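Enquirer: Let me begin by handing over the structure; questions about it come next.
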Amino acid sequence: MSGQTPVLHLVTCGSVDDGKSTLIGRLLVETDSVPIDQLEYARTTRRGGSTVPVGEVDYSLLTDGLEAEREQGITIDVAYRHLNLPNGRRVLIADSPGHEQYTRNMAVAASNGDVAVLLVDAARGVRPQTHRHLTVCALMGVQTIIVAVNKMDLVDYSHEVFEQVMGEVRTTAARLGVQQIDGIPVSAVTGANVATKSDAMPWYKGESLLGALAIWEPIGRLADEGFRFPVQFIVRAEGNFRGYAGTVVAGSVRPGDEVVVADSGRTAKIARIVTADRDLDVATYGQAVTLTFDHEVDVTRGDILAAGTPLQPADRFGVDMVWLGEEPLAHGRSYLLISGSRSVPATVTNVRHRLDVVSGHEHAARVLNMNDIGRVEIATDRPIPMDPYTLCRDTGGFLLVDRVTADTVAAGLSRHAMRRAFNVVPHVYDVDHEARASLMGHPARVVWLTGLSGSGKSTIADAAVRKLHAMGIHTYVLDGDNMRTGLNKDLGFTPEDRAENVRRVAEVSKLMRDSGVVVFVALVSPFRSDRETAATLFDKGDFIEVFVDTPVDVCSKRDPKGLYAKAAAGNLPNMTGVGQAYEPPLNPDLIVHGTGDVEASADRLVAAILEA
Amino acid sequence: MQQTVPYSAVLDELEAEAIHIYRESAAAFRNPVLLYSIGKDSSVLLHLAIKAFYPAPLPFPVMHIDTTWKFKEMIDFRDRRAKELGLDLRIAQNLEAMAEGVTPFSHGTHEYTRLMKTVALRKGIDRYGFDAAIGGARRDEERSRAKERIFSLREPGHRWDPRKQRPEFWRTANTQLAPEQSMRVFPLSNWTELDVWRYIEREKIEIPGLYFAKKRPVVERGGTLLMVDDERFPLNEGEVPDMKSVRFRTLGCYPLSGAVESTADNLADLIAEMESSKVSERSGRLIDGEGGGSMEAKKAEGYF
């Protein structure tokens, strides 16, 4: 090991107006990183707005990617490029667009960044977006920020202008806790201080931009004192070989070291560090290896092997979240949380505040919208180990995924596991729901009727309950409207409130089911993910999803509560089937038609309950 | 400035990243496949896959999109390597288009590529029910590839929608798929062409002989040297192929793969030649013509 970092992950932030495309284009050309034919293209092709004479290189053309962007003359997505520095170091650039609406892209680009080059236009000075870039880089854990104060040629290479910019930037950086910040006065157009030091600014004593990138070294990996190894894949091979494949994301490990399976708390000693080339004496940060143990320990994909700094599972976390989804964050809705190679259902239980990325102020908030950053609390379905993000990005960062569309809707940064997760220990009682079922003489189940308002949910439930009652079976109906007059009277009809409404009804139905009763839930519950969340509370077979399928025109003609009339008059903007979509179940246990015979439908429900 | 970072250290990092991507793909997808196109990138891709799961065998099959217009030498190489390495090799072809007599000469390169490569790939994936296809695309190949994800989502019908691509954070991948979605996975995303060659040299990876200079029968078409690999190549009246010392920078269908004149018949010479030329390798691929944006158009249709 030479001690040199072979690959530097660089994030560039700034907008076209700051001359970012030109700066990157120049970096590429000065390091011979552009093929001749692409360079020729940038010499001969011109697009609208370009002031560069044909025959000279229009550097900005080297960095634009998609056709749609070239037509609009903007960059809309993170682009990845590389540079080879003269000392052999590879620089992988994640180039993030600078426009306000693309905070999410900045966060993506910064998530792997060691160093950020942040462009400021010397002529225009520090602007709101400068603060935004600093905030996102700091949040995502970029260690070093290099402020490239560009267009120095337009301000007569003034030392004063440079210091003015740096003074403002340093104040913000100090507030954000940025580890290291440097300023370099440059001109991307003339090349001053980009690849070589310029004579025009004798007052500047530091490195050129390329020089600074060549000598950069990390300030110590954040978790050098702790070893972290998320297991990706169990390798089984001939001769009883069983190894755990993954990448060292913090610290290092040697044969003989004792590691803890963070999920179970069990320990084992490392027997071998296997690679296809040879067994290793040590595996360090970034190496992809396969570990074997000295004795059998239960390990599955997603588990984290750890040593040094302790890592314990918890099921509640305070986290910062960058909201990426077009749909806003829904309080109480179940998402899939992906942390390393593990995925587990998780719910946002509380939104504490939204961060104003320009001023740094925290504003009270109930939802997060796309491009918002905020502090929230999450609860996972089962305890999982997560580090604070500042300790290790790979074991402290996670994604939230929509369970229906499979879209990534948020990036989360774990801040702390919440203590109350450890203090709440469910008591297990001897008399459980099975004991009660045998006393009752019938099994207890939850029958969840979903469908539009007026589809006939309550009517069918009523008929089924009458039949069961006659058979000596204990029942109860949780009716949406009845719940909203009591327990849920603080909730409205926004998607977030609907999610919370469903969550509470589901929890109540679970308690009643445990008491031995057959519970009918008659609730519009329009969103698939909310109903899926409810179903996860129960064992398979104990939760019967019934889709009451009635055409919306039939429902609106019946209109038993006069709601459709109100919606038509524009007084109910969130009316399901009118202003809000209804998502029918994909695989309901039973479909009954609200236009059919009520008694026959009720009989089918009764049969399903008894045989389930 | 002195050389302080050995090239091998850069290759080590790229290798580790690729192995990480492989392991994630093998574990997370129901039925992944490695797309093997026989060339240098595929050879590296296959080598990395074998390393990733050592000492276990490769946990997924390998698929080749065979247009029937590949160089003969490529097919021989493919079959021999598959046997030596014990690969579960699948061949995908667009039989309908073949029956209709689609050839690189009868149809334009764009239509030919769409039918024989893009459609054949889609058919192959659908036929075997693969939910993820791992390929050797690199971000340095072409400008529109610079925005390609490592895990690149395809909508129903294999459509690539730039607006639906998922943001990628850290080493953490969202490998979840909604019904009828599928994934393309690119472990070599951050590699350059030179990295591929240096890695082949370091790891002593076997590649087809077509990459090395040798006297081969060629004709010139529109400034491009094409090899007359078999009798299906329509020669003009009285045209006789020249025997020239040529090699290929990229391998594909022989009527669409431009040769370069060269005497580099070994890896060291070849790398030296490459480092001094600095023309992007895609300049030899006829299918990429029609401006820098045409790759994007092809991808939207489901091309790799």
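Just so we're on the same page: first chain in the structure tokens is A, next is B, and so on; residues restart at 1 for each chain, and ligands are numbered from 1 in the order they show up.
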Please tabulate, as a tab-separated table, the residues of chain A that come within 6 Å of chain B, each with its closest pair of atoms and the distance in Å to one decimal, counting only C-alpha atoms and ordering rows by chain, then residue number upward.
Expert:
```
residue	atom	partner	partner_atom	distance
A:Pro6	CA	B:Val10	CA	5.3
A:Pro35	CA	B:Val279	CA	5.0
A:Ile36	CA	B:Val279	CA	5.0
A:Asp37	CA	B:Val279	CA	5.8
A:Gly65	CA	B:Ser144	CA	4.5
A:Leu66	CA	B:Ser144	CA	5.2
A:Glu67	CA	B:Gly293	CA	5.6
A:Ala79	CA	B:Lys147	CA	4.4
A:Tyr80	CA	B:Ala146	CA	5.1
A:Asn87	CA	B:Gln3	CA	4.5
A:Gly88	CA	B:Val5	CA	4.9
A:Arg89	CA	B:Val5	CA	5.7
A:Val108	CA	B:Phe169	CA	5.5
A:Ser111	CA	B:Phe169	CA	5.6
A:Asn112	CA	B:Trp170	CA	5.4
A:Ala237	CA	B:Ala56	CA	4.7
A:Ala276	CA	B:Lys51	CA	5.2
A:Gln287	CA	B:Ala16	CA	5.7
A:Ala288	CA	B:Ala16	CA	5.0
A:Gly340	CA	B:Thr172	CA	5.3
A:Thr405	CA	B:Ala178	CA	5.6
A:Ala406	CA	B:Ala178	CA	5.5
```
Enquirer: Name all residues at most 7 Å from Ser152 (chain B) (count only C-alpha atoms; drop same-chain ones fewer than 5 positions away) and give them as a ChimeraX atom specification.
Expert: /B:165,183-185
Enquirer: Could you take the residues named above and write them with C-alpha atoms, as a PDB file, in the first residue's frame?
Expert:
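Generated output (again-v2.pdb):
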```pdb
ATOM      1  CA  GLN B 165     -34.502   5.780 -13.312  1.00  0.00           C
ATOM      2  CA  MET B 183     -33.462  -4.649 -14.493  1.00  0.00           C
ATOM      3  CA  ARG B 184     -30.305  -4.212 -16.525  1.00  0.00           C
ATOM      4  CA  VAL B 185     -27.198  -4.279 -14.393  1.00  0.00           C
TER       5      VAL B 185
END
```
Enquirer: Which region 59-176 of chain A residues have any atom within 12 Å of an atom of region 190-213 of chain A, and for each, what is the nearest pair of atoms with distance in Å to one decimal, counting only C-alpha atoms, rows sorted by chain and number, as a tab-separated table?
Expert:
```
residue	atom	partner	partner_atom	distance
A:Tyr59	CA	A:Gly191	CA	11.4
A:Leu83	CA	A:Leu210	CA	10.0
A:Asn84	CA	A:Leu210	CA	10.2
A:Leu85	CA	A:Leu210	CA	7.5
A:Pro86	CA	A:Leu210	CA	9.2
A:Asn87	CA	A:Gly211	CA	9.9
A:Gly88	CA	A:Leu213	CA	11.6
A:Arg89	CA	A:Leu213	CA	8.9
A:Arg90	CA	A:Leu213	CA	9.9
A:Val91	CA	A:Leu213	CA	8.2
A:Leu92	CA	A:Leu213	CA	11.3
A:Ile93	CA	A:Leu213	CA	11.6
A:Asp114	CA	A:Leu213	CA	10.5
A:Val115	CA	A:Leu213	CA	8.4
A:Ala116	CA	A:Leu213	CA	10.2
A:Val117	CA	A:Leu209	CA	9.0
A:Leu118	CA	A:Leu209	CA	11.5
A:Leu119	CA	A:Leu209	CA	11.8
A:Thr144	CA	A:Leu213	CA	10.5
A:Ile145	CA	A:Leu213	CA	11.1
A:Ile146	CA	A:Leu209	CA	8.4
A:Val147	CA	A:Leu209	CA	9.7
A:Ala148	CA	A:Leu209	CA	7.9
A:Val149	CA	A:Asn193	CA	10.4
A:Asn150	CA	A:Ala192	CA	9.4
A:Lys151	CA	A:Thr190	CA	8.8
A:Met152	CA	A:Ala192	CA	8.5
A:Asp153	CA	A:Thr190	CA	7.7
A:Leu154	CA	A:Thr190	CA	10.7
A:Val155	CA	A:Met201	CA	11.6
A:Asp156	CA	A:Ala200	CA	8.9
A:Tyr157	CA	A:Met201	CA	6.2
A:Ser158	CA	A:Met201	CA	8.0
A:His159	CA	A:Trp203	CA	6.9
A:Glu160	CA	A:Trp203	CA	10.3
A:Phe162	CA	A:Tyr204	CA	9.8
A:Glu163	CA	A:Tyr204	CA	10.6
```
Enquirer: Please identify the strand (DSSP E) residues within region 490-592 of chain A (assignment by DSSP from backbone atoms) and present them as a short mmCIF file (atom, residue, chain, number, x, y, z; two decimals) with C-alpha atoms, in the first residue's frame.
Expert:
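File produced: states28.cif:
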```
data_model
loop_
_atom_site.label_atom_id
_atom_site.label_comp_id
_atom_site.auth_asym_id
_atom_site.auth_seq_id
_atom_site.Cartn_x
_atom_site.Cartn_y
_atom_site.Cartn_z
CA VAL A 518 -64.63 -12.19 14.57
CA VAL A 519 -64.05 -8.57 13.55
CA PHE A 520 -65.54 -6.99 10.45
CA VAL A 521 -63.84 -3.84 9.21
CA ALA A 522 -66.02 -1.82 6.82
CA PHE A 543 -56.85 -11.62 7.73
CA ILE A 544 -59.45 -11.93 4.98
CA GLU A 545 -59.43 -9.13 2.43
CA VAL A 546 -62.80 -8.69 0.72
CA PHE A 547 -63.17 -6.37 -2.25
CA VAL A 548 -66.71 -5.02 -2.49
CA ASP A 549 -66.66 -4.30 -6.20
CA LEU A 590 -62.82 -12.67 -1.92
CA ILE A 591 -64.62 -10.41 -4.38
CA VAL A 592 -68.31 -9.66 -3.82
#
```
Enquirer: Which residue is closest to Asp195 (chain B)? Choose from A:Lys20, A:Lys540, A:His82, A:His133 and count only C-alpha atoms.
Expert: A:His82
